[in-house]
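Text of the file upload26.txt, holding compact mmCIF, N, CA and C atoms:
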```txt
# COMPACT_ATOMS: atom_id res chain seq x y z
N MET A 1 1.22 16.26 12.61
CA MET A 1 1.54 14.98 13.19
C MET A 1 0.55 14.66 14.30
N SER A 2 0.14 13.43 14.38
CA SER A 2 -0.78 13.04 15.42
C SER A 2 -0.66 11.55 15.71
N LYS A 3 -1.06 11.21 16.89
CA LYS A 3 -1.03 9.82 17.34
C LYS A 3 -2.25 9.07 16.80
N SER A 4 -2.07 7.79 16.57
CA SER A 4 -3.12 6.94 16.06
C SER A 4 -4.19 6.67 17.13
N PRO A 5 -5.45 7.04 16.86
CA PRO A 5 -6.49 6.72 17.83
C PRO A 5 -6.70 5.21 17.96
N GLY A 6 -6.47 4.47 16.87
CA GLY A 6 -6.63 3.02 16.90
C GLY A 6 -5.66 2.36 17.86
N HIS A 7 -4.39 2.78 17.81
CA HIS A 7 -3.39 2.19 18.72
C HIS A 7 -3.67 2.58 20.16
N GLN A 8 -4.21 3.76 20.37
CA GLN A 8 -4.54 4.19 21.74
C GLN A 8 -5.73 3.40 22.28
N GLN A 9 -6.71 3.14 21.42
CA GLN A 9 -7.91 2.44 21.85
C GLN A 9 -7.71 0.92 21.90
N PHE A 10 -6.89 0.40 20.98
CA PHE A 10 -6.66 -1.05 20.89
C PHE A 10 -5.16 -1.33 20.93
N PRO A 11 -4.53 -1.22 22.08
CA PRO A 11 -3.08 -1.35 22.16
C PRO A 11 -2.55 -2.74 21.81
N ASP A 12 -3.41 -3.75 21.81
CA ASP A 12 -2.96 -5.10 21.47
C ASP A 12 -2.97 -5.38 19.97
N HIS A 13 -3.54 -4.48 19.18
CA HIS A 13 -3.58 -4.65 17.73
C HIS A 13 -2.17 -4.44 17.18
N LYS A 14 -1.65 -5.42 16.47
CA LYS A 14 -0.26 -5.37 15.99
C LYS A 14 -0.19 -5.04 14.50
N ILE A 15 0.69 -4.09 14.20
CA ILE A 15 1.04 -3.77 12.81
C ILE A 15 2.55 -3.71 12.77
N GLN A 16 3.15 -4.63 12.03
CA GLN A 16 4.61 -4.68 11.92
C GLN A 16 5.02 -4.21 10.53
N GLU A 17 5.95 -3.27 10.51
CA GLU A 17 6.50 -2.77 9.25
C GLU A 17 7.96 -3.17 9.19
N GLN A 18 8.36 -3.71 8.04
CA GLN A 18 9.76 -4.13 7.90
C GLN A 18 10.20 -3.91 6.46
N ARG A 19 11.36 -3.31 6.30
CA ARG A 19 11.93 -3.16 4.96
C ARG A 19 12.29 -4.54 4.44
N VAL A 20 11.91 -4.82 3.22
CA VAL A 20 12.12 -6.14 2.63
C VAL A 20 13.61 -6.36 2.34
N GLY A 21 14.29 -5.36 1.80
CA GLY A 21 15.74 -5.46 1.58
C GLY A 21 16.16 -6.19 0.32
N ILE A 22 15.20 -6.58 -0.52
CA ILE A 22 15.53 -7.18 -1.82
C ILE A 22 14.66 -6.49 -2.87
N TRP A 23 15.08 -6.60 -4.13
CA TRP A 23 14.29 -6.02 -5.21
C TRP A 23 12.95 -6.74 -5.30
N MET A 24 11.87 -5.97 -5.33
CA MET A 24 10.52 -6.51 -5.48
C MET A 24 9.88 -5.85 -6.69
N LYS A 25 8.97 -6.58 -7.30
CA LYS A 25 8.25 -6.00 -8.43
C LYS A 25 6.77 -6.36 -8.35
N VAL A 26 5.98 -5.53 -9.00
CA VAL A 26 4.56 -5.78 -9.17
C VAL A 26 4.32 -5.88 -10.66
N GLU A 27 3.73 -6.99 -11.07
CA GLU A 27 3.36 -7.18 -12.47
C GLU A 27 1.88 -7.47 -12.55
N VAL A 28 1.25 -6.92 -13.58
CA VAL A 28 -0.14 -7.24 -13.88
C VAL A 28 -0.18 -7.67 -15.33
N ASP A 29 -0.56 -8.92 -15.55
CA ASP A 29 -0.59 -9.49 -16.90
C ASP A 29 0.73 -9.27 -17.63
N GLY A 30 1.85 -9.43 -16.91
CA GLY A 30 3.17 -9.32 -17.51
C GLY A 30 3.71 -7.91 -17.62
N GLU A 31 2.90 -6.88 -17.32
CA GLU A 31 3.38 -5.50 -17.37
C GLU A 31 3.88 -5.09 -15.99
N VAL A 32 5.09 -4.54 -15.94
CA VAL A 32 5.66 -4.10 -14.66
C VAL A 32 5.00 -2.80 -14.24
N VAL A 33 4.41 -2.83 -13.06
CA VAL A 33 3.71 -1.67 -12.51
C VAL A 33 4.57 -0.99 -11.46
N ALA A 34 5.40 -1.77 -10.76
CA ALA A 34 6.30 -1.23 -9.74
C ALA A 34 7.54 -2.11 -9.68
N ASP A 35 8.68 -1.48 -9.35
CA ASP A 35 9.95 -2.20 -9.29
C ASP A 35 10.87 -1.43 -8.34
N SER A 36 11.20 -2.04 -7.20
CA SER A 36 11.93 -1.28 -6.19
C SER A 36 12.70 -2.18 -5.24
N ILE A 37 13.77 -1.64 -4.70
CA ILE A 37 14.49 -2.30 -3.60
C ILE A 37 14.09 -1.68 -2.26
N ASP A 38 13.29 -0.62 -2.30
CA ASP A 38 12.89 0.13 -1.10
C ASP A 38 11.43 -0.16 -0.76
N VAL A 39 11.13 -1.40 -0.45
CA VAL A 39 9.76 -1.85 -0.20
C VAL A 39 9.58 -2.14 1.29
N ILE A 40 8.43 -1.75 1.80
CA ILE A 40 8.09 -2.04 3.20
C ILE A 40 6.97 -3.09 3.22
N ARG A 41 7.23 -4.16 3.94
CA ARG A 41 6.24 -5.24 4.13
C ARG A 41 5.48 -4.92 5.41
N VAL A 42 4.14 -4.95 5.32
CA VAL A 42 3.30 -4.65 6.48
C VAL A 42 2.48 -5.90 6.81
N VAL A 43 2.65 -6.35 8.05
CA VAL A 43 1.88 -7.47 8.57
C VAL A 43 1.00 -6.91 9.67
N GLU A 44 -0.32 -6.98 9.45
CA GLU A 44 -1.27 -6.41 10.40
C GLU A 44 -2.26 -7.50 10.83
N ASP A 45 -2.57 -7.52 12.11
CA ASP A 45 -3.55 -8.48 12.63
C ASP A 45 -4.81 -8.44 11.77
N HIS A 46 -5.30 -9.64 11.39
CA HIS A 46 -6.57 -9.81 10.69
C HIS A 46 -6.60 -9.19 9.29
N HIS A 47 -5.43 -8.97 8.68
CA HIS A 47 -5.35 -8.42 7.32
C HIS A 47 -4.30 -9.18 6.52
N PRO A 48 -4.45 -9.20 5.20
CA PRO A 48 -3.40 -9.82 4.38
C PRO A 48 -2.10 -9.00 4.46
N VAL A 49 -0.99 -9.65 4.21
CA VAL A 49 0.29 -8.94 4.12
C VAL A 49 0.22 -7.99 2.95
N ARG A 50 0.76 -6.78 3.15
CA ARG A 50 0.78 -5.77 2.08
C ARG A 50 2.21 -5.29 1.88
N TYR A 51 2.50 -4.88 0.66
CA TYR A 51 3.81 -4.33 0.30
C TYR A 51 3.61 -2.90 -0.15
N TYR A 52 4.37 -1.99 0.45
CA TYR A 52 4.27 -0.56 0.14
C TYR A 52 5.51 -0.13 -0.64
N PHE A 53 5.27 0.38 -1.84
CA PHE A 53 6.33 0.79 -2.77
C PHE A 53 6.44 2.31 -2.79
N PRO A 54 7.67 2.83 -2.89
CA PRO A 54 7.81 4.29 -3.03
C PRO A 54 7.18 4.74 -4.35
N ARG A 55 6.54 5.87 -4.30
CA ARG A 55 5.87 6.41 -5.49
C ARG A 55 6.83 6.52 -6.68
N SER A 56 8.08 6.87 -6.39
CA SER A 56 9.07 7.06 -7.46
C SER A 56 9.38 5.76 -8.21
N ASP A 57 9.03 4.62 -7.63
CA ASP A 57 9.30 3.32 -8.26
C ASP A 57 8.04 2.64 -8.80
N VAL A 58 6.98 3.43 -8.91
CA VAL A 58 5.71 2.93 -9.45
C VAL A 58 5.43 3.65 -10.77
N ALA A 59 4.90 2.92 -11.73
CA ALA A 59 4.54 3.50 -13.03
C ALA A 59 3.29 4.36 -12.85
N MET A 60 3.50 5.59 -12.41
CA MET A 60 2.38 6.49 -12.09
C MET A 60 1.53 6.79 -13.32
N SER A 61 2.08 6.61 -14.52
CA SER A 61 1.30 6.84 -15.74
C SER A 61 0.14 5.84 -15.87
N LEU A 62 0.20 4.74 -15.11
CA LEU A 62 -0.86 3.73 -15.14
C LEU A 62 -1.94 4.00 -14.09
N LEU A 63 -1.72 5.03 -13.27
CA LEU A 63 -2.64 5.32 -12.16
C LEU A 63 -3.36 6.64 -12.37
N LYS A 64 -4.59 6.69 -11.90
CA LYS A 64 -5.35 7.93 -11.91
C LYS A 64 -6.05 8.07 -10.56
N ARG A 65 -5.83 9.21 -9.90
CA ARG A 65 -6.42 9.46 -8.58
C ARG A 65 -7.94 9.45 -8.67
N THR A 66 -8.57 8.83 -7.69
CA THR A 66 -10.03 8.86 -7.61
C THR A 66 -10.42 9.76 -6.43
N GLU A 67 -11.69 9.93 -6.24
CA GLU A 67 -12.19 10.73 -5.12
C GLU A 67 -12.33 9.90 -3.84
N THR A 68 -12.11 8.60 -3.95
CA THR A 68 -12.32 7.71 -2.81
C THR A 68 -11.32 7.97 -1.69
N LYS A 69 -11.85 8.00 -0.47
CA LYS A 69 -11.04 8.13 0.73
C LYS A 69 -11.61 7.18 1.77
N THR A 70 -10.73 6.55 2.53
CA THR A 70 -11.16 5.75 3.67
C THR A 70 -10.27 6.13 4.85
N VAL A 71 -10.69 5.75 6.03
CA VAL A 71 -9.89 6.05 7.21
C VAL A 71 -9.60 4.76 7.96
N CYS A 72 -8.32 4.51 8.18
CA CYS A 72 -7.88 3.42 9.03
C CYS A 72 -7.58 4.04 10.39
N PRO A 73 -8.17 3.54 11.47
CA PRO A 73 -7.92 4.15 12.78
C PRO A 73 -6.48 3.99 13.24
N PHE A 74 -5.73 3.10 12.59
CA PHE A 74 -4.34 2.86 12.98
C PHE A 74 -3.35 3.63 12.12
N LYS A 75 -3.62 3.72 10.80
CA LYS A 75 -2.66 4.34 9.89
C LYS A 75 -3.06 5.74 9.43
N GLY A 76 -4.35 6.01 9.32
CA GLY A 76 -4.80 7.34 8.90
C GLY A 76 -5.69 7.27 7.67
N GLN A 77 -5.83 8.41 6.99
CA GLN A 77 -6.68 8.50 5.80
C GLN A 77 -5.95 7.98 4.58
N ALA A 78 -6.61 7.09 3.86
CA ALA A 78 -6.07 6.55 2.62
C ALA A 78 -6.76 7.23 1.44
N ARG A 79 -5.97 7.52 0.41
CA ARG A 79 -6.48 8.03 -0.87
C ARG A 79 -6.23 6.94 -1.92
N TYR A 80 -7.08 6.87 -2.92
CA TYR A 80 -7.06 5.76 -3.86
C TYR A 80 -6.80 6.17 -5.30
N TYR A 81 -6.38 5.16 -6.08
CA TYR A 81 -6.11 5.31 -7.50
C TYR A 81 -6.78 4.18 -8.27
N THR A 82 -7.17 4.49 -9.49
CA THR A 82 -7.56 3.48 -10.46
C THR A 82 -6.30 3.03 -11.19
N LEU A 83 -6.16 1.74 -11.37
CA LEU A 83 -5.05 1.17 -12.12
C LEU A 83 -5.56 0.75 -13.49
N LYS A 84 -4.87 1.21 -14.55
CA LYS A 84 -5.24 0.82 -15.92
C LYS A 84 -4.04 0.10 -16.55
N VAL A 85 -4.26 -1.17 -16.83
CA VAL A 85 -3.23 -1.99 -17.47
C VAL A 85 -3.88 -2.69 -18.66
N GLY A 86 -3.36 -2.40 -19.86
CA GLY A 86 -3.98 -2.97 -21.05
C GLY A 86 -5.43 -2.53 -21.13
N SER A 87 -6.32 -3.50 -21.28
CA SER A 87 -7.75 -3.17 -21.35
C SER A 87 -8.42 -3.19 -19.97
N LYS A 88 -7.66 -3.51 -18.94
CA LYS A 88 -8.22 -3.56 -17.58
C LYS A 88 -8.23 -2.17 -16.95
N VAL A 89 -9.38 -1.78 -16.43
CA VAL A 89 -9.52 -0.54 -15.66
C VAL A 89 -10.02 -0.98 -14.29
N LEU A 90 -9.18 -0.81 -13.28
CA LEU A 90 -9.44 -1.35 -11.95
C LEU A 90 -9.54 -0.23 -10.93
N PRO A 91 -10.77 0.26 -10.68
CA PRO A 91 -10.95 1.41 -9.78
C PRO A 91 -10.58 1.08 -8.33
N ASP A 92 -9.95 2.05 -7.69
CA ASP A 92 -9.68 2.00 -6.25
C ASP A 92 -8.91 0.74 -5.83
N THR A 93 -7.92 0.37 -6.63
CA THR A 93 -7.14 -0.84 -6.32
C THR A 93 -5.73 -0.54 -5.83
N VAL A 94 -5.38 0.73 -5.77
CA VAL A 94 -4.07 1.16 -5.26
C VAL A 94 -4.35 2.28 -4.26
N TRP A 95 -3.64 2.28 -3.13
CA TRP A 95 -3.87 3.34 -2.15
C TRP A 95 -2.58 3.85 -1.55
N THR A 96 -2.71 5.00 -0.90
CA THR A 96 -1.57 5.66 -0.27
C THR A 96 -2.03 6.36 1.01
N TYR A 97 -1.12 6.47 1.95
CA TYR A 97 -1.33 7.30 3.14
C TYR A 97 -0.41 8.50 2.99
N GLU A 98 -0.97 9.64 2.64
CA GLU A 98 -0.14 10.82 2.41
C GLU A 98 0.24 11.53 3.70
N ASP A 99 -0.58 11.35 4.73
CA ASP A 99 -0.30 11.98 6.02
C ASP A 99 -0.68 10.99 7.13
N PRO A 100 0.09 9.90 7.24
CA PRO A 100 -0.27 8.87 8.22
C PRO A 100 -0.04 9.34 9.66
N TYR A 101 -0.62 8.60 10.57
CA TYR A 101 -0.38 8.86 11.98
C TYR A 101 1.10 8.62 12.30
N ASP A 102 1.54 9.22 13.39
CA ASP A 102 2.96 9.17 13.78
C ASP A 102 3.54 7.76 13.79
N GLU A 103 2.76 6.78 14.23
CA GLU A 103 3.26 5.42 14.36
C GLU A 103 3.59 4.76 13.02
N HIS A 104 3.10 5.35 11.93
CA HIS A 104 3.28 4.73 10.61
C HIS A 104 3.83 5.71 9.57
N LEU A 105 4.67 6.61 10.01
CA LEU A 105 5.27 7.60 9.09
C LEU A 105 6.09 6.97 7.98
N ALA A 106 6.61 5.77 8.20
CA ALA A 106 7.41 5.10 7.16
C ALA A 106 6.57 4.80 5.91
N LEU A 107 5.26 4.77 6.05
CA LEU A 107 4.38 4.48 4.90
C LEU A 107 4.01 5.73 4.11
N GLN A 108 4.38 6.87 4.59
CA GLN A 108 3.96 8.13 3.98
C GLN A 108 4.32 8.20 2.50
N GLY A 109 3.29 8.43 1.67
CA GLY A 109 3.49 8.60 0.24
C GLY A 109 3.75 7.33 -0.53
N ARG A 110 3.84 6.20 0.14
CA ARG A 110 4.06 4.93 -0.55
C ARG A 110 2.74 4.40 -1.07
N LEU A 111 2.81 3.47 -2.01
CA LEU A 111 1.63 2.90 -2.64
C LEU A 111 1.54 1.41 -2.37
N ALA A 112 0.33 0.95 -2.08
CA ALA A 112 0.06 -0.47 -1.87
C ALA A 112 -1.02 -0.91 -2.85
N PHE A 113 -1.03 -2.20 -3.13
CA PHE A 113 -1.92 -2.76 -4.15
C PHE A 113 -2.92 -3.71 -3.51
N TYR A 114 -4.19 -3.54 -3.86
CA TYR A 114 -5.28 -4.35 -3.35
C TYR A 114 -5.32 -5.62 -4.18
N GLU A 115 -4.45 -6.56 -3.83
CA GLU A 115 -4.23 -7.75 -4.66
C GLU A 115 -5.50 -8.54 -4.96
N GLU A 116 -6.41 -8.60 -3.98
CA GLU A 116 -7.64 -9.37 -4.18
C GLU A 116 -8.51 -8.81 -5.29
N LYS A 117 -8.32 -7.55 -5.66
CA LYS A 117 -9.16 -6.90 -6.67
C LYS A 117 -8.44 -6.70 -8.01
N ILE A 118 -7.23 -7.26 -8.13
CA ILE A 118 -6.45 -7.06 -9.36
C ILE A 118 -6.15 -8.42 -9.99
N PRO A 119 -6.97 -8.84 -10.96
CA PRO A 119 -6.70 -10.12 -11.63
C PRO A 119 -5.35 -10.10 -12.33
N GLY A 120 -4.63 -11.19 -12.23
CA GLY A 120 -3.35 -11.31 -12.92
C GLY A 120 -2.18 -10.63 -12.23
N ILE A 121 -2.36 -10.15 -10.99
CA ILE A 121 -1.27 -9.46 -10.29
C ILE A 121 -0.29 -10.47 -9.70
N ARG A 122 0.98 -10.07 -9.72
CA ARG A 122 2.04 -10.83 -9.05
C ARG A 122 2.92 -9.81 -8.33
N ILE A 123 3.07 -9.99 -7.02
CA ILE A 123 4.01 -9.19 -6.23
C ILE A 123 5.02 -10.18 -5.69
N GLU A 124 6.28 -10.02 -6.16
CA GLU A 124 7.29 -11.04 -5.83
C GLU A 124 8.68 -10.46 -5.98
N PRO A 125 9.68 -11.19 -5.48
CA PRO A 125 11.05 -10.76 -5.70
C PRO A 125 11.36 -10.71 -7.19
N ARG A 126 12.15 -9.72 -7.55
CA ARG A 126 12.55 -9.58 -8.96
C ARG A 126 13.63 -10.61 -9.26
N ALA A 127 13.51 -11.27 -10.38
CA ALA A 127 14.50 -12.30 -10.78
C ALA A 127 15.81 -11.68 -11.19
```

Now, as a test, write the supplied structure out as structure tokens.
Amino acid sequence: MSKSPGHQQFPDHKIQEQRVGIWMKVEVDGEVVADSIDVIRVVEDHHPVRYYFPRSDVAMSLLKRTETKTVCPFKGQARYYTLKVGSKVLPDTVWTYEDPYDEHLALQGRLAFYEEKIPGIRIEPRA
């Protein structure tokens, strides 16, 4: 466990995490990729809103781990997955924080989707 260097260096940078509290789903070209009532909405300064789904509610058979890693000074090291839906192979479009900094432990092991890089994606309340 460790404190976020980003929050220590930039205390005015805001990251809000909130449980959505309703069923949410992720669809790509009509195929359900994730479906959960346990979703965390993350609103971060200067970033698009992101939704983090528990791994257990994501179709992991559609994902393959890549070697890509990035570091967010606020949340920690992210690991990435390629998403394969139908004929689409979308490298590094899903990520997870497996060992986030203390301030963001609620995101641990959850998966988020890089919506801007996934054509045909819809993240919305389940009907």

ask   = So which residues touch range 94-102 of chain A within 7 Å, counting only C-alpha atoms, skipping near sequence neighbours fewer than 4 positions away, as number ranges by chain?
value = A: 1-4, 75-83, 107-114

task = Name the residues in contact with Met60 in chain A at a cut-off of 10 Å, using only C-alpha atoms, excluding same-chain residues fewer than 3 positions from it; report them as an NGL selection string.
result = :A and (33-34 or 55-57 or 63-65 or 81 or 83)

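Taking atom N of Glu115 in chain A and CA of Arg50 in chain A as the two end points, the separation is 7.9 Å.
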
request  = Looking only at strand (DSSP E or B) from DSSP on the backbone, list the matching residues of chain A as a VMD selection string.
outcome  = chain A and resid 15 to 19 24 to 28 31 to 36 40 to 44 50 to 53 58 63 to 72 76 to 85 88 to 97 108 111 to 113 121 to 125

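Candidate residues A:Ala59, A:Ile118, A:Leu90, A:Val71 were compared for distance to Val32 in chain A, and the nearest is A:Ala59, using only C-alpha atoms.
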
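Rounded to one decimal, CA of Glu67 in chain A and CA of Tyr52 in chain A lie 20.6 Å from each other.
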
ask   = What is the distance, in Å and to one decimal place, between atom N of Glu44 in chain A and atom N of Pro11 in chain A?
value =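 Separation between atom N of Glu44 in chain A and atom N of Pro11 in chain A: 14.5 Å.
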
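Distances here use all atoms listed in the file; by that measure, the residue among A:Glu17, A:Ile22, A:Ser61, A:Asp29 closest to Val43 in chain A is A:Glu17.
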
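All residues of chain A that DSSP, run on the backbone, classes as alpha helix (DSSP H) are Pro5, Gly6, His7, Gln8 and Gln9 of chain A.
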
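Using all atoms listed in the file for every distance, the candidate list A:Asp45, A:Pro91, A:Glu31, A:Cys72 yields A:Asp45 as the residue closest to Ile15 in chain A.
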
task = Using only N, CA and C atoms, pick whichever of A:Pro73, A:Ser36, A:Gln8, A:Val28 has the shortest atom-to-atom distance to Val58 in chain A.
result = A:Ser36

key: Distance criterion (only C-alpha atoms): nearest to Met24 in chain A out of A:Gly6, A:Lys84, A:Thr66, A:Tyr51   =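 Result for the nearest residue to Met24 in chain A: A:Tyr51.
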
request  = Identify which of the residues A:Ile40, A:Ser87, A:His46, A:Thr70 lies closest to Leu105 in chain A, counting only C-alpha atoms when measuring atom-to-atom distances.
outcome  =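 Smallest distance to Leu105 in chain A is found for A:Ile40.
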